[in-house]
Amino acid sequence: MRTTLTVIKADIGSIGGHIKPSGKLRQTVEQFLKERGKTLLTDWYVSSTGDDIALLMSHCHGRDNADIHKLAWDAFVAGTQVAKEQGLYGAGQDLLKDAFSGNVRGLGPASCELEFDERPAEPFLFFAADKTDPGAYNLPLYLSFADPMHCAGLLLSPRLAKGFTFTIMDVSHTHGDRVIELNTPEELYDIACLLRDNQRFVIESVRARAGGEIAAAVSTSRLHNIAGTYTGKDDPVALVRTQGSFPATGEVLSPYRIGHYVAGTMRGSHNGPLMPSRLNATISFFDGPPVVTGAAFCVHEGRFTEAVDVFDHPFWDWVRLKVSEKAAEIRRQGFSGPAMLPYSELEYGGVVEKMKELDRKFVVRPESGAPAAKRARASR
Ligand code: 13P
Ligand code: 13P
Ligand code: MG
Ligand code: MG
């Protein structure tokens with residue numbers, strides 16, 4: 001059976017700042033899907049990660065289906081109404097356009113989709129991250145699909161040893177999708193060369209070279225490219241099929257033990273370590289640390305099993321302690337150097353204005369011993 005998995009996620013309002021949507025907001029969105037999605041969807045799963053609500057939907061209408069995308073958009077519009085009634089913070093934050101037009105891409109919500117012929121057993125992982133951007137998945141996906149230090153299958157399974165094709169998007173290009181396809185293992189260094197720049201180059205999808213099947217998809221939207229100014233962080237979602245021709249579930253999870261530093265956290269303007277967290281996680285310290293949640297499913301004839309919370313295990317408690325130490329450590333240096341994002345990434349208009357103002361106050365000091373006329377010119 002041909003199945004499409006669609007995830008569409010948005011921040012439409014939350015309690016106590018950018019922390020968590022209200023129960024009523026979530027129920028409203030869920031009820032909307034239940035009623036309006038009856039004929040369109042085979043199954044759905046609604047969850048929250050930090051202040052974002054994600055709709056995971058299965059159906060048989062393929063990727064980029066206007067009805068599916070509109071259903072999600074309308075569910076978020078209904079949720080926004082409740083957020084306004086409850087006085088939640090940032091009601092409708094990620095609905096950047098007034099009206100829906102064909103597809104949620106470019107309108108604010110994050111989305112990613114996988115379309116495939118179901119295997120007899122079809123395990124997959126659904127990741128959602130808050131207080132960070134799509135480049136946060138670059139390192140974990142690179143390591144789980146291309147590095148035998150995390151993916152033992154690259155050595156132990158002949159199918160995996162054939163490698164993977166990475167499609168990488170240049171997200172700084174705002175007029176159309178600028179993408180490149182690169183193959184492992186031959187072009188590993190080229191892939192690494194691009195993926196080191198998490199703010200510009202983002203993994204969009206991964207395919208198995210054995211059989212050509214789609215393995216993974218990531219949302220690639222950058223909100224400031226849509227709104228032209230800071231409107232919240234991009235908070236990305238990802239879907240990863242596992243086992244068989246793909247890495248095992250544990251191989252996909254393995255890189256999350258690193259707690260690598262990603263862009264995001266307070267005001268979307270700092271670097272902080274990515275903390276693997278339980279489903280429906282909240283946000284706390286310094287509007288962070290950036291969190292990623294993971295739900296494992298099997299899908300059969302479009303129907304989901306119950307979700308298994310992959311980061312709800314004693315091992316990840318130990319990881320969370322280590323990540324907390326990393327978060328506290330980088331926070332010790334406040335705004336200095338790598339603790340805060342570079343000027344080009346600073347999303348709040350305020351600092352841009354401030355820099356313009358300061359720029360006007362700069363003077364070029366006259367060279368000592370220069371003739372008086374030259375000194376006068378330099379000081380002007
Ligand atoms: P099973 O033998 O339990 O299927 O596990 C195989 C595997 O891939 C574990 O990583
Ligand atoms: P969100 O993008 O999750 O809304 O967070 C915005 C922010 O500024 C947090 O400090
Ligand atoms: Mg928010
Ligand atoms: Mg968010």
# chains A, B, ... in the order shown; residues from 1 in each chain; ligands from 1
call {"tool": "residues_around", "arguments": {"residues": "Leu88 in chain A", "least_positions_apart": "6", "cutoff": "12 Å", "atoms": "only C-alpha atoms", "output": "MDAnalysis selection string"}}
result
chainID A and resid 11:25 51 79:82
call {"tool": "write_last_selection", "arguments": {"atoms": "N, CA, C and O atoms", "output": "CSV table (one decimal), in the first residue's frame"}}
result
chain,number,residue,atom,x,y,z
A,11,ASP,N,3.7,27.1,15.9
A,11,ASP,CA,3.5,27.7,17.2
A,11,ASP,C,2.3,28.6,17.0
A,11,ASP,O,2.4,29.6,16.3
A,12,ILE,N,1.2,28.3,17.7
A,12,ILE,CA,0.0,29.2,17.6
A,12,ILE,C,-0.4,29.8,18.9
A,12,ILE,O,-1.5,30.3,19.1
A,13,GLY,N,0.5,29.7,19.9
A,13,GLY,CA,0.3,30.3,21.2
A,13,GLY,C,0.6,29.4,22.3
A,13,GLY,O,0.5,28.2,22.2
A,14,SER,N,1.1,30.0,23.4
A,14,SER,CA,1.6,29.1,24.5
A,14,SER,C,1.4,29.8,25.8
A,14,SER,O,1.3,31.0,25.9
A,15,ILE,N,1.5,29.0,26.9
A,15,ILE,CA,1.4,29.5,28.3
A,15,ILE,C,2.7,30.0,28.8
A,15,ILE,O,3.8,29.4,28.5
A,16,GLY,N,2.7,31.1,29.5
A,16,GLY,CA,3.9,31.6,30.2
A,16,GLY,C,5.0,31.9,29.3
A,16,GLY,O,6.2,31.5,29.6
A,17,GLY,N,4.8,32.6,28.2
A,17,GLY,CA,5.9,32.9,27.3
A,17,GLY,C,6.0,31.7,26.3
A,17,GLY,O,4.9,31.1,26.0
A,18,HIS,N,7.2,31.4,25.8
A,18,HIS,CA,7.3,30.4,24.7
A,18,HIS,C,7.5,29.0,25.3
A,18,HIS,O,8.5,28.3,25.0
A,19,ILE,N,6.6,28.6,26.2
A,19,ILE,CA,6.8,27.3,27.0
A,19,ILE,C,6.1,26.1,26.5
A,19,ILE,O,6.7,25.1,26.1
A,20,LYS,N,4.8,26.2,26.5
A,20,LYS,CA,3.9,25.0,26.1
A,20,LYS,C,2.5,25.5,25.7
A,20,LYS,O,2.0,26.3,26.4
A,21,PRO,N,1.9,24.9,24.7
A,21,PRO,CA,0.5,25.2,24.4
A,21,PRO,C,-0.4,24.7,25.5
A,21,PRO,O,-0.1,23.8,26.2
A,22,SER,N,-1.6,25.4,25.6
A,22,SER,CA,-2.5,24.9,26.7
A,22,SER,C,-3.2,23.6,26.2
A,22,SER,O,-3.2,23.3,25.0
A,23,GLY,N,-3.7,22.9,27.2
A,23,GLY,CA,-4.4,21.6,26.9
A,23,GLY,C,-5.6,21.9,26.0
A,23,GLY,O,-5.9,21.2,25.1
A,24,LYS,N,-6.3,23.0,26.3
A,24,LYS,CA,-7.5,23.3,25.5
A,24,LYS,C,-7.1,23.6,24.0
A,24,LYS,O,-7.9,23.2,23.1
A,25,LEU,N,-6.0,24.3,23.8
A,25,LEU,CA,-5.6,24.6,22.5
A,25,LEU,C,-5.3,23.3,21.7
A,25,LEU,O,-5.7,23.1,20.6
A,51,ASP,N,6.7,25.0,22.7
A,51,ASP,CA,5.5,25.8,22.4
A,51,ASP,C,4.9,25.5,21.1
A,51,ASP,O,3.9,26.1,20.6
A,79,GLY,N,-7.2,26.7,16.3
A,79,GLY,CA,-6.4,26.7,17.6
A,79,GLY,C,-6.1,28.2,18.0
A,79,GLY,O,-6.1,28.5,19.1
A,80,THR,N,-5.7,29.0,17.0
A,80,THR,CA,-5.3,30.4,17.2
A,80,THR,C,-6.5,31.1,17.9
A,80,THR,O,-6.3,32.0,18.8
A,81,GLN,N,-7.7,30.8,17.4
A,81,GLN,CA,-8.9,31.5,18.0
A,81,GLN,C,-9.0,31.2,19.5
A,81,GLN,O,-9.2,32.1,20.3
A,82,VAL,N,-8.7,29.9,19.9
A,82,VAL,CA,-8.7,29.5,21.3
A,82,VAL,C,-7.6,30.2,22.0
A,82,VAL,O,-7.7,30.7,23.2
call {"tool": "select_by_dssp", "arguments": {"residues": "range 54-189 of chain A", "states": "strand (DSSP E or B)", "output": "compact mmCIF listing (two decimals) with N, CA, C and O atoms, in the first residue's frame"}}
result
# COMPACT_ATOMS: atom_id res chain seq x y z
N ALA A 54 2.47 19.81 16.76
CA ALA A 54 2.75 19.11 15.50
C ALA A 54 1.62 18.14 15.18
O ALA A 54 1.14 17.42 16.06
N LEU A 55 1.21 18.13 13.91
CA LEU A 55 0.20 17.19 13.43
C LEU A 55 0.90 16.17 12.55
O LEU A 55 1.42 16.53 11.49
N LEU A 56 0.94 14.93 13.01
CA LEU A 56 1.48 13.83 12.17
C LEU A 56 0.26 13.15 11.56
O LEU A 56 -0.63 12.69 12.29
N MET A 57 0.20 13.11 10.22
CA MET A 57 -0.99 12.57 9.55
C MET A 57 -0.58 11.50 8.55
O MET A 57 0.46 11.64 7.88
N SER A 58 -1.38 10.44 8.43
CA SER A 58 -1.14 9.47 7.36
C SER A 58 -2.34 9.51 6.42
O SER A 58 -3.49 9.70 6.85
N HIS A 59 -2.06 9.35 5.14
CA HIS A 59 -3.12 9.42 4.12
C HIS A 59 -2.61 8.83 2.82
O HIS A 59 -1.44 8.39 2.75
N TYR A 89 0.27 33.50 24.99
CA TYR A 89 1.34 34.32 24.43
C TYR A 89 1.62 33.91 22.98
O TYR A 89 1.70 32.72 22.67
N ALA A 110 6.09 24.66 9.78
CA ALA A 110 7.14 23.77 9.26
C ALA A 110 6.48 22.49 8.77
O ALA A 110 5.51 22.02 9.37
N SER A 111 7.00 21.92 7.68
CA SER A 111 6.40 20.66 7.22
C SER A 111 7.43 19.75 6.59
O SER A 111 8.42 20.22 6.02
N CYS A 112 7.22 18.45 6.73
CA CYS A 112 8.01 17.47 5.98
C CYS A 112 7.13 16.26 5.69
O CYS A 112 6.18 15.98 6.43
N GLU A 113 7.43 15.57 4.59
CA GLU A 113 6.56 14.48 4.14
C GLU A 113 7.38 13.33 3.57
O GLU A 113 8.42 13.55 2.95
N LEU A 114 6.88 12.10 3.77
CA LEU A 114 7.47 10.91 3.16
C LEU A 114 6.36 10.15 2.45
O LEU A 114 5.30 9.93 3.03
N GLU A 115 6.63 9.74 1.20
CA GLU A 115 5.65 8.92 0.49
C GLU A 115 6.35 7.63 0.05
O GLU A 115 7.44 7.68 -0.52
N PHE A 116 5.74 6.48 0.37
CA PHE A 116 6.42 5.21 0.09
C PHE A 116 5.41 4.06 0.02
O PHE A 116 4.27 4.18 0.49
N ASP A 117 5.87 2.93 -0.57
CA ASP A 117 5.10 1.70 -0.50
C ASP A 117 5.42 1.06 0.84
O ASP A 117 6.60 0.77 1.12
N PRO A 123 8.60 0.51 10.43
CA PRO A 123 8.93 1.35 11.57
C PRO A 123 9.48 2.71 11.13
O PRO A 123 10.21 2.80 10.14
N PHE A 124 9.12 3.75 11.86
CA PHE A 124 9.69 5.08 11.56
C PHE A 124 9.73 5.93 12.83
O PHE A 124 9.09 5.61 13.84
N LEU A 125 10.53 6.98 12.75
CA LEU A 125 10.69 7.91 13.87
C LEU A 125 10.20 9.29 13.45
O LEU A 125 10.44 9.72 12.32
N PHE A 126 9.54 9.94 14.38
CA PHE A 126 9.09 11.32 14.15
C PHE A 126 9.78 12.22 15.19
O PHE A 126 9.60 12.03 16.39
N PHE A 127 10.59 13.14 14.70
CA PHE A 127 11.30 14.07 15.58
C PHE A 127 10.69 15.46 15.48
O PHE A 127 10.31 15.91 14.39
N ALA A 128 10.63 16.16 16.61
CA ALA A 128 10.24 17.57 16.61
C ALA A 128 11.18 18.30 17.55
O ALA A 128 11.49 17.81 18.64
N ALA A 129 11.67 19.46 17.11
CA ALA A 129 12.60 20.23 17.95
C ALA A 129 12.04 21.62 18.17
O ALA A 129 11.35 22.18 17.32
N ASP A 130 12.32 22.17 19.35
CA ASP A 130 11.89 23.53 19.64
C ASP A 130 13.09 24.36 20.08
O ASP A 130 14.04 23.84 20.65
N THR A 132 15.17 25.97 18.07
CA THR A 132 16.33 25.81 17.19
C THR A 132 15.87 25.87 15.73
O THR A 132 14.72 26.22 15.46
N PHE A 164 24.07 6.25 0.79
CA PHE A 164 22.84 7.06 0.75
C PHE A 164 23.05 8.31 -0.10
O PHE A 164 24.17 8.78 -0.25
N THR A 165 21.96 8.81 -0.64
CA THR A 165 22.00 10.08 -1.38
C THR A 165 21.39 11.17 -0.49
O THR A 165 20.24 11.03 -0.04
N PHE A 166 22.17 12.21 -0.25
CA PHE A 166 21.71 13.34 0.56
C PHE A 166 21.27 14.47 -0.37
O PHE A 166 22.02 14.86 -1.27
N THR A 167 20.06 14.98 -0.17
CA THR A 167 19.65 16.21 -0.86
C THR A 167 19.77 17.34 0.15
O THR A 167 19.17 17.28 1.24
N ILE A 168 20.60 18.33 -0.19
CA ILE A 168 20.90 19.42 0.74
C ILE A 168 20.43 20.73 0.13
O ILE A 168 20.67 20.99 -1.06
N MET A 169 19.74 21.54 0.94
CA MET A 169 19.20 22.80 0.43
C MET A 169 19.99 23.99 0.95
O MET A 169 20.40 24.01 2.11
N ASP A 170 20.20 24.95 0.06
CA ASP A 170 20.80 26.23 0.45
C ASP A 170 19.65 27.13 0.90
O ASP A 170 18.96 27.72 0.08
N VAL A 179 19.10 23.35 -4.50
CA VAL A 179 19.46 22.08 -3.85
C VAL A 179 20.63 21.40 -4.56
O VAL A 179 20.92 21.69 -5.73
N ILE A 180 21.28 20.49 -3.85
CA ILE A 180 22.36 19.69 -4.43
C ILE A 180 22.17 18.25 -3.95
O ILE A 180 21.71 18.03 -2.81
N GLU A 181 22.50 17.27 -4.80
CA GLU A 181 22.45 15.85 -4.39
C GLU A 181 23.86 15.32 -4.31
O GLU A 181 24.64 15.47 -5.27
N LEU A 182 24.19 14.68 -3.20
CA LEU A 182 25.53 14.13 -3.03
C LEU A 182 25.42 12.72 -2.45
O LEU A 182 24.54 12.45 -1.62
N ASN A 183 26.34 11.85 -2.89
CA ASN A 183 26.28 10.44 -2.49
C ASN A 183 27.35 10.07 -1.47
O ASN A 183 28.49 10.50 -1.59
call {"tool": "closest_residue", "arguments": {"among": "A:Asn65, A:Thr249, A:Thr265, A:Ser254", "to": "ligand 4", "atoms": "only C-alpha atoms and all ligand atoms"}}
result
A:Thr265
call {"tool": "residues_around", "arguments": {"residues": "Ala210 in chain A", "least_positions_apart": "5", "cutoff": "9 Å", "atoms": "only C-alpha atoms", "output": "ChimeraX atom specification"}}
result
/A:159-164,245
call {"tool": "write_last_selection", "arguments": {"atoms": "all heavy atoms", "output": "PDB file, in the first residue's frame"}}
result
ATOM      1  N   ARG A 159      23.329  -3.963   2.246  1.00  0.00           N
ATOM      2  CA  ARG A 159      22.410  -2.977   1.677  1.00  0.00           C
ATOM      3  C   ARG A 159      22.776  -1.564   2.124  1.00  0.00           C
ATOM      4  O   ARG A 159      22.788  -0.622   1.342  1.00  0.00           O
ATOM      5  CB  ARG A 159      20.964  -3.284   2.096  1.00  0.00           C
ATOM      6  CG  ARG A 159      20.340  -4.372   1.235  1.00  0.00           C
ATOM      7  CD  ARG A 159      18.896  -4.544   1.556  1.00  0.00           C
ATOM      8  NE  ARG A 159      18.708  -5.130   2.885  1.00  0.00           N
ATOM      9  CZ  ARG A 159      17.539  -5.401   3.430  1.00  0.00           C
ATOM     10  NH1 ARG A 159      16.432  -5.123   2.778  1.00  0.00           N
ATOM     11  NH2 ARG A 159      17.450  -5.946   4.629  1.00  0.00           N
ATOM     12  N   LEU A 160      23.082  -1.424   3.413  1.00  0.00           N
ATOM     13  CA  LEU A 160      23.452  -0.096   3.911  1.00  0.00           C
ATOM     14  C   LEU A 160      24.809   0.339   3.364  1.00  0.00           C
ATOM     15  O   LEU A 160      25.053   1.531   3.149  1.00  0.00           O
ATOM     16  CB  LEU A 160      23.478  -0.072   5.449  1.00  0.00           C
ATOM     17  CG  LEU A 160      22.163   0.370   6.107  1.00  0.00           C
ATOM     18  CD1 LEU A 160      21.089  -0.701   5.947  1.00  0.00           C
ATOM     19  CD2 LEU A 160      22.363   0.698   7.570  1.00  0.00           C
ATOM     20  N   ALA A 161      25.692  -0.660   3.119  1.00  0.00           N
ATOM     21  CA  ALA A 161      27.048  -0.341   2.636  1.00  0.00           C
ATOM     22  C   ALA A 161      27.025   0.319   1.258  1.00  0.00           C
ATOM     23  O   ALA A 161      27.986   0.962   0.859  1.00  0.00           O
ATOM     24  CB  ALA A 161      27.897  -1.602   2.614  1.00  0.00           C
ATOM     25  N   LYS A 162      25.921   0.193   0.517  1.00  0.00           N
ATOM     26  CA  LYS A 162      25.814   0.868  -0.792  1.00  0.00           C
ATOM     27  C   LYS A 162      25.730   2.384  -0.627  1.00  0.00           C
ATOM     28  O   LYS A 162      25.923   3.143  -1.569  1.00  0.00           O
ATOM     29  CB  LYS A 162      24.587   0.357  -1.558  1.00  0.00           C
ATOM     30  CG  LYS A 162      24.747  -1.060  -2.082  1.00  0.00           C
ATOM     31  CD  LYS A 162      23.777  -1.306  -3.227  1.00  0.00           C
ATOM     32  CE  LYS A 162      24.136  -2.505  -4.090  1.00  0.00           C
ATOM     33  NZ  LYS A 162      24.415  -3.733  -3.362  1.00  0.00           N
ATOM     34  N   GLY A 163      25.405   2.821   0.573  1.00  0.00           N
ATOM     35  CA  GLY A 163      25.410   4.254   0.859  1.00  0.00           C
ATOM     36  C   GLY A 163      24.067   4.924   0.656  1.00  0.00           C
ATOM     37  O   GLY A 163      23.044   4.276   0.384  1.00  0.00           O
ATOM     38  N   PHE A 164      24.073   6.254   0.791  1.00  0.00           N
ATOM     39  CA  PHE A 164      22.840   7.058   0.749  1.00  0.00           C
ATOM     40  C   PHE A 164      23.049   8.312  -0.097  1.00  0.00           C
ATOM     41  O   PHE A 164      24.173   8.782  -0.251  1.00  0.00           O
ATOM     42  CB  PHE A 164      22.420   7.434   2.182  1.00  0.00           C
ATOM     43  CG  PHE A 164      21.980   6.229   2.982  1.00  0.00           C
ATOM     44  CD1 PHE A 164      22.908   5.489   3.710  1.00  0.00           C
ATOM     45  CD2 PHE A 164      20.661   5.809   2.960  1.00  0.00           C
ATOM     46  CE1 PHE A 164      22.510   4.353   4.420  1.00  0.00           C
ATOM     47  CE2 PHE A 164      20.256   4.684   3.666  1.00  0.00           C
ATOM     48  CZ  PHE A 164      21.182   3.954   4.392  1.00  0.00           C
ATOM     49  N   SER A 245      16.671  -1.528   4.780  1.00  0.00           N
ATOM     50  CA  SER A 245      17.687  -0.799   3.991  1.00  0.00           C
ATOM     51  C   SER A 245      18.121   0.498   4.656  1.00  0.00           C
ATOM     52  O   SER A 245      18.921   1.242   4.101  1.00  0.00           O
ATOM     53  CB  SER A 245      17.126  -0.438   2.608  1.00  0.00           C
ATOM     54  OG  SER A 245      16.755  -1.592   1.926  1.00  0.00           O
TER      55      SER A 245
END
call {"tool": "closest_residue", "arguments": {"among": "A:Gly50, A:Pro290, A:Gly250, A:Gly337", "to": "Cys151 in chain A", "atoms": "only C-alpha atoms"}}
result
A:Gly250
call {"tool": "select_by_dssp", "arguments": {"residues": "range 140-363 of chain A", "states": "alpha helix (DSSP H)", "output": "NGL selection string"}}
result
:A and (140-146 or 153-156 or 158-161 or 188-195 or 223-227 or 249-253 or 314-331 or 349-361)
call {"tool": "closest_residue", "arguments": {"among": "A:Leu33, A:Met149, A:Ala121, A:Ile203", "to": "Glu301 in chain A", "atoms": "only C-alpha atoms"}}
result
A:Ala121
call {"tool": "residues_near_ligand", "arguments": {"ligand": "ligand 1", "cutoff": "9 Å", "atoms": "only C-alpha atoms and all ligand atoms", "output": "PyMOL selection string"}}
result
chain A and resi 152-153+243-244+247-251
call {"tool": "write_last_selection", "arguments": {"atoms": "N, CA, C and O atoms", "output": "PDB file, in the first residue's frame"}}
result
ATOM      1  N   ALA A 152      26.453   1.092  12.752  1.00  0.00           N
ATOM      2  CA  ALA A 152      27.199  -0.161  12.555  1.00  0.00           C
ATOM      3  C   ALA A 152      26.738  -0.862  11.270  1.00  0.00           C
ATOM      4  O   ALA A 152      27.493  -1.599  10.646  1.00  0.00           O
ATOM      5  N   GLY A 153      25.497  -0.604  10.856  1.00  0.00           N
ATOM      6  CA  GLY A 153      24.948  -1.224   9.651  1.00  0.00           C
ATOM      7  C   GLY A 153      25.748  -0.913   8.403  1.00  0.00           C
ATOM      8  O   GLY A 153      25.742  -1.688   7.438  1.00  0.00           O
ATOM      9  N   GLN A 243      15.355   0.545   9.993  1.00  0.00           N
ATOM     10  CA  GLN A 243      15.523  -0.922   9.804  1.00  0.00           C
ATOM     11  C   GLN A 243      15.531  -1.278   8.298  1.00  0.00           C
ATOM     12  O   GLN A 243      15.306  -0.412   7.452  1.00  0.00           O
ATOM     13  N   GLY A 244      15.827  -2.534   7.990  1.00  0.00           N
ATOM     14  CA  GLY A 244      15.889  -2.983   6.595  1.00  0.00           C
ATOM     15  C   GLY A 244      17.006  -2.282   5.837  1.00  0.00           C
ATOM     16  O   GLY A 244      18.175  -2.355   6.244  1.00  0.00           O
ATOM     17  N   PRO A 247      19.157   2.757   8.444  1.00  0.00           N
ATOM     18  CA  PRO A 247      19.762   2.506   9.754  1.00  0.00           C
ATOM     19  C   PRO A 247      18.720   1.956  10.744  1.00  0.00           C
ATOM     20  O   PRO A 247      17.520   2.242  10.620  1.00  0.00           O
ATOM     21  N   ALA A 248      19.195   1.167  11.716  1.00  0.00           N
ATOM     22  CA  ALA A 248      18.305   0.679  12.782  1.00  0.00           C
ATOM     23  C   ALA A 248      17.882   1.874  13.637  1.00  0.00           C
ATOM     24  O   ALA A 248      18.559   2.904  13.675  1.00  0.00           O
ATOM     25  N   THR A 249      16.764   1.731  14.332  1.00  0.00           N
ATOM     26  CA  THR A 249      16.259   2.829  15.173  1.00  0.00           C
ATOM     27  C   THR A 249      17.340   3.335  16.133  1.00  0.00           C
ATOM     28  O   THR A 249      17.560   4.541  16.252  1.00  0.00           O
ATOM     29  N   GLY A 250      18.038   2.409  16.771  1.00  0.00           N
ATOM     30  CA  GLY A 250      19.085   2.802  17.729  1.00  0.00           C
ATOM     31  C   GLY A 250      20.241   3.536  17.063  1.00  0.00           C
ATOM     32  O   GLY A 250      20.910   4.359  17.692  1.00  0.00           O
ATOM     33  N   GLU A 251      20.488   3.245  15.788  1.00  0.00           N
ATOM     34  CA  GLU A 251      21.550   3.956  15.060  1.00  0.00           C
ATOM     35  C   GLU A 251      21.128   5.393  14.737  1.00  0.00           C
ATOM     36  O   GLU A 251      21.962   6.296  14.696  1.00  0.00           O
TER      37      GLU A 251
END
call {"tool": "closest_residue", "arguments": {"among": "A:Asp234, A:Asp312, A:Glu353, A:Asp64", "to": "ligand 3", "atoms": "only C-alpha atoms and all ligand atoms"}}
result
A:Asp234
call {"tool": "decode", "arguments": {"residues": "range 169-184 of chain A", "atoms": "C-alpha atoms", "output": "compact mmCIF listing (two decimals), in the first residue's frame"}}
result
# COMPACT_ATOMS: atom_id res chain seq x y z
CA MET A 169 19.20 22.80 0.43
CA ASP A 170 20.80 26.23 0.45
CA VAL A 171 18.23 27.91 2.71
CA SER A 172 19.74 31.38 2.21
CA HIS A 173 18.42 31.30 -1.36
CA THR A 174 14.93 32.73 -1.05
CA HIS A 175 13.77 32.68 -4.70
CA GLY A 176 13.00 29.01 -5.35
CA ASP A 177 14.63 25.89 -3.91
CA ARG A 178 18.41 25.70 -4.48
CA VAL A 179 19.46 22.08 -3.85
CA ILE A 180 22.36 19.69 -4.43
CA GLU A 181 22.45 15.85 -4.39
CA LEU A 182 25.53 14.13 -3.03
CA ASN A 183 26.28 10.44 -2.49
CA THR A 184 27.93 8.60 0.36
